[in-house]
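Novice: Right, I'll just put the structure down here and ask away after.
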Amino acid sequence: MGTFDIVIVGGGSAGCVLANRLSEDGRRSVLLLEAGGRDWSPMIHMPIGYGHSFFNPRINWKYESERDPGIADRQSYWPRGKVLGGSSAINAMVWARGLPNDFEDWVSAGAEGWDWDTVKRYYKKLESWSRGGDAIRGGDGPLSVQDITDQVHPLCSAYLEAAGQLGLPTTDDYNGAETEGAAVYQLSTQNGVRASTAKCYLKPARGRKNLTIVTRAHVTGVDVEDGRATGVRYVVDGQPRDAKARASVILSAGAINSPQLLQLSGVGPGAVLRDKGIGVKHDMPAVGRHLQDHLGVDFHFRSRVPTLNEMLRPWHMRVWHGLRYVMTRKGPLSLSVNQAGGFLKTRPDLSAPNVQIYFNPVSYTRRPKNKRPLMSPDPFPGLLIGYSPCRPTSRGEIAIRSSDPFEQPAIKPNYLSTNEDVVDHLEASHFLRRLSEAPAIAAIIDSEIAPGADVRSDEGYLEHIRNKSWTVFHPCSTCRIGHDRQDSVVDPRLRVHGVEGLRVVDASVFPNVTSGNINAPVIMVAERASDLILEDLR
């Protein structure tokens with residue numbers, strides 16, 4: 001393929017940002033390699049279309065975890081974006097920066113320069129908040145974030161009222177000065193269209209002569225010679241190719257594929273690599289370890305009043321709302337079903353919120369094969385209220401199964417493997433029970449479908465948690481930042497320990513998972529990484 005100053009592996013949430021920022025001044029040649037294709041599908045750009053993307057192999061890696069004893073020996077389905085824009089092109093679009101204390105904990109873990117005051121500047125830089133910029137929010141950045149308060153289903157007001165009845169705070173901007181409280185969610189959309197990084201960052205950069213984009217390019221390994229990354233190997237249409245990098249190879253392939261690529265390239269736990277017949281270029285025990293993810297649990301209810309079920313299920317209503325969307329970019333097809341929620345404390349003595357709440361004015365209790373439940377709402381009015389603890393302590397791992405770069409790696413989440421996580425889930429379940437019985441919500445509930453109104457004990461809740469919990473699709477920390485080369489993969493400037501010219505920039509570098517949805521933090525990391533890389537190149 002040739003020689004470039006910078007080779008970026010992965011055109012996803014982080015890679016599109018890097019491709020834009022690193023080619024911006026025209027001084028360096030940049031190659032962006034993406035295993036998936038272009039984001040042509042209209043289902044990517046229509047917000048509710050993420051239900052169709054859930055099992056689409058053309059734009060989704062469709063990973064599955066190993067069986068996990070913590071969740072009753074079940075496997076988890078882990079969708080990951082395989083398309084320009086990555087998971088920002090297929091996610092539920094909830095925009096959550098994380099809480100300030102998350103980033104102070106990053107610093108404590110060894111990520112100097114990633115404190116709240118610093119990352120806040122990058123959030124301001126990247127955002128175009130629909131209500132305008134202020135001391136905390138950005139008003140003219142490349143990525144649009146939309147306030148949907150005037151568009152959500154009327155039932156969301158019942159949820160907000162119920163929180164107030166329990167003495168819980170509410171906030172009209174959980175990404176602003178008041179991060180704690182029940183809230184209407186903000187979406188990464190613009191005028192009813194998904195705002196992926198492919199749309200907001202890569203599209204404006206496409207015409208640059210110093211930026212080359214290759215899609216359907218499956219990277220099979222990084223070339224490491226004498227302790228330096230010199231380029232990558234990849235396959236397009238079955239044909240092997242290679243690209244050389246003068247200055248840097250950057251892995252932005254995500255929390256699953258970045259550690260997989262490092263291991264395939266001989267950078268990882270020596271024993272694992274030797275067992276798979278891979279020569280050890282650099283023994284790094286932490287590559288693939290420390291995997292973290294949010295684990296969610298839902299309570300489902302039959303409603304006394306109309307919900308989104310009646311809007312999304314009947315064919316004639318789908319046609320009507322489809323026409324409405326085409327004509328106005330409004331209506332339920334312009335939104336996510338995650339319409340309200342927020343960050344709350346299950347008890348007042350906590351220093352920061354410990355659970356994220358999801359209030360969806362729709363229910364889908366059936367799980368059809370190879371079809372997202374969202375696409376098959378229940379044939380009756382229903383709603384769900386869910387939660388996920390903000391900061392789980394369980395740790396899993398990613399490991400290659402063989403030297404075959406086309407074989408999916410083994411994903412071992414290790415959910416609920418600490419007593420702290422079990423306690424957090426039980427406390428959150430009791431909290432959700434109180435929330436569902438607040439007068440404003442109790443008035444609209446006809447009956448409880450799951451776990452069942454008679455479930456009140458720790459034993460009953462734990463059975464529901466282990467059998468019905470689900471990944472919230474936030475894997476991270478498998479190449480985490482730190483100083484200890486035995487226990488981390490990159491330094492605070494995101495350089496791989498012991499390998500020159502190699503960086504990782506994606507969710508895998510998080511020292512620990514942030515509170516809430518992680519797409520916003522990934523984009524922030526890429527923005528800050530761009531500055532760090534340009535500083536080093538200068």
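Order determines the names: the first chain of the structure tokens is A, the second B, and so forth; residues in each chain are numbered 1 upward, and ligands are numbered 1 upward as they are shown.
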Counting only C-alpha atoms, what is within 9 Å of segment 15-30 of chain A, bar same-chain residues fewer than 5 positions away, as an MDAnalysis selection string?
Specialist: chainID A and resid 3:10 84:86 197:198 200:206 208:213 250:253 505:506 523 526:527 529:531 533:534
Novice: If you run DSSP over the backbone, which residues in segment 247-410 of chain A end up helix (DSSP H, G or I)? Put them as a ChimeraX atom specification.
Specialist: /A:254-264,270-275,309-312,315-328,332-334,373-375
Novice: Restricting it to C-alpha atoms, dump the selection as a short mmCIF file (atom, residue, chain, number, x, y, z; two decimals), in the first residue's frame.
Specialist:
```cif
data_model
loop_
_atom_site.label_atom_id
_atom_site.label_comp_id
_atom_site.auth_asym_id
_atom_site.auth_seq_id
_atom_site.Cartn_x
_atom_site.Cartn_y
_atom_site.Cartn_z
CA GLY A 254 -11.75 -1.06 20.49
CA ALA A 255 -11.59 -2.89 23.79
CA ILE A 256 -11.86 -6.29 22.08
CA ASN A 257 -9.85 -5.91 18.89
CA SER A 258 -6.98 -3.74 20.14
CA PRO A 259 -5.74 -6.31 22.69
CA GLN A 260 -6.43 -9.06 20.16
CA LEU A 261 -4.20 -7.31 17.59
CA LEU A 262 -1.44 -6.74 20.13
CA GLN A 263 -1.46 -10.42 21.07
CA LEU A 264 -1.49 -11.52 17.42
CA GLY A 270 4.17 -14.47 26.98
CA ALA A 271 2.63 -17.74 28.13
CA VAL A 272 -0.57 -17.11 26.14
CA LEU A 273 1.35 -16.20 22.99
CA ARG A 274 3.68 -19.20 23.15
CA ASP A 275 0.69 -21.49 23.70
CA ASN A 309 -45.53 -0.23 22.16
CA GLU A 310 -48.60 1.04 20.34
CA MET A 311 -46.44 3.35 18.20
CA LEU A 312 -43.72 0.89 17.22
CA TRP A 315 -47.43 -2.05 10.81
CA HIS A 316 -49.68 0.89 9.97
CA MET A 317 -48.23 2.92 12.86
CA ARG A 318 -44.70 2.12 11.67
CA VAL A 319 -45.63 3.36 8.20
CA TRP A 320 -47.16 6.53 9.65
CA HIS A 321 -44.17 7.29 11.85
CA GLY A 322 -41.83 6.41 8.99
CA LEU A 323 -43.51 9.01 6.78
CA ARG A 324 -43.47 11.49 9.64
CA TYR A 325 -39.76 10.93 10.12
CA VAL A 326 -38.98 11.35 6.42
CA MET A 327 -40.97 14.59 6.26
CA THR A 328 -40.04 16.20 9.60
CA PRO A 332 -40.29 8.17 17.92
CA LEU A 333 -38.06 7.14 14.99
CA SER A 334 -35.89 10.22 15.63
CA PRO A 373 -36.12 -7.31 21.30
CA LEU A 374 -36.60 -3.59 20.61
CA MET A 375 -37.88 -4.58 17.16
#
```
Novice: So that I can check the surroundings of Gly296 of chain A, please list as a PyMOL selection string every protein, DNA and RNA residue that reaches within 7 Å of it, counting only C-alpha atoms and ignoring chain neighbours fewer than 3 positions away.
Specialist: chain A and resi 386-388+469-472
Novice: Step one, run DSSP on the backbone; step two, keep only residues of segment 86-144 of chain A assigned to strand (DSSP E or B); then write them as a VMD selection string.
Specialist: chain A and resid 94 127 to 129 143 to 144
Novice: For atom CA of Leu168 of chain A and atom CA of Gln339 of chain A, determine how far apart the two atoms are, in Å to one decimal place.
Specialist: 18.4 Å
Novice: Taking only C-alpha atoms into account, name the residue in A:Asp237, A:Glu66, A:Glu397, A:Asp73 that is nearest to Ala217 of chain A.
Specialist: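 When distances to Ala217 of chain A are compared using only C-alpha atoms, the smallest one comes from A:Asp237.
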Novice: Name the residues in contact with Ser108 of chain A at a cut-off of 12 Å, using only C-alpha atoms, excluding same-chain residues fewer than 2 positions from it; report them as a PyMOL selection string.
Specialist: chain A and resi 101-106+110-115+481-483+492+511-512
Novice: Which residues are near Leu416 of chain A? Cut-off 10 Å, only C-alpha atoms, ignore same chain within fewer than 6 positions. Put them as a list in words.
Specialist: Asp68, Pro69, Gly70, Ile71, Leu295, Pro392, Thr393, Ser394, Arg395, Val422, Val423, Asp424, His425, Ile465 and Arg466 of chain A
Novice: Which residues are near Ala340 of chain A? Cut-off 10 Å, only C-alpha atoms, ignore same chain within fewer than 5 positions. Put them as a PyMOL selection string.
Specialist: chain A and resi 94+148-149+152-153+155-157+159-160+182-186+357-361+385
Novice: Do you have the atom CA of Pro269 of chain A-atom CA of Met284 of chain A distance handy?
Specialist: 5.0 Å
Novice: Take atom CA of Thr365 of chain A and atom CA of Glu437 of chain A and report the distance between them in Å, one decimal.
Specialist: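 Going from atom CA of Thr365 of chain A over to atom CA of Glu437 of chain A covers 20.3 Å.
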Novice: Which residues come within 12 Å of Tyr461 of chain A, counting only C-alpha atoms, excluding same-chain residues fewer than 2 positions away, as a PyMOL selection string?
Specialist: chain A and resi 297-299+422-433+450-459+463-469
Novice: Hey, which of A:Leu31, A:Val249, A:Val489, A:Ile400 ends up closest to Arg503 of chain A? Count only C-alpha atoms.
Specialist: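 Closest to Arg503 of chain A of all the choices is A:Val249.
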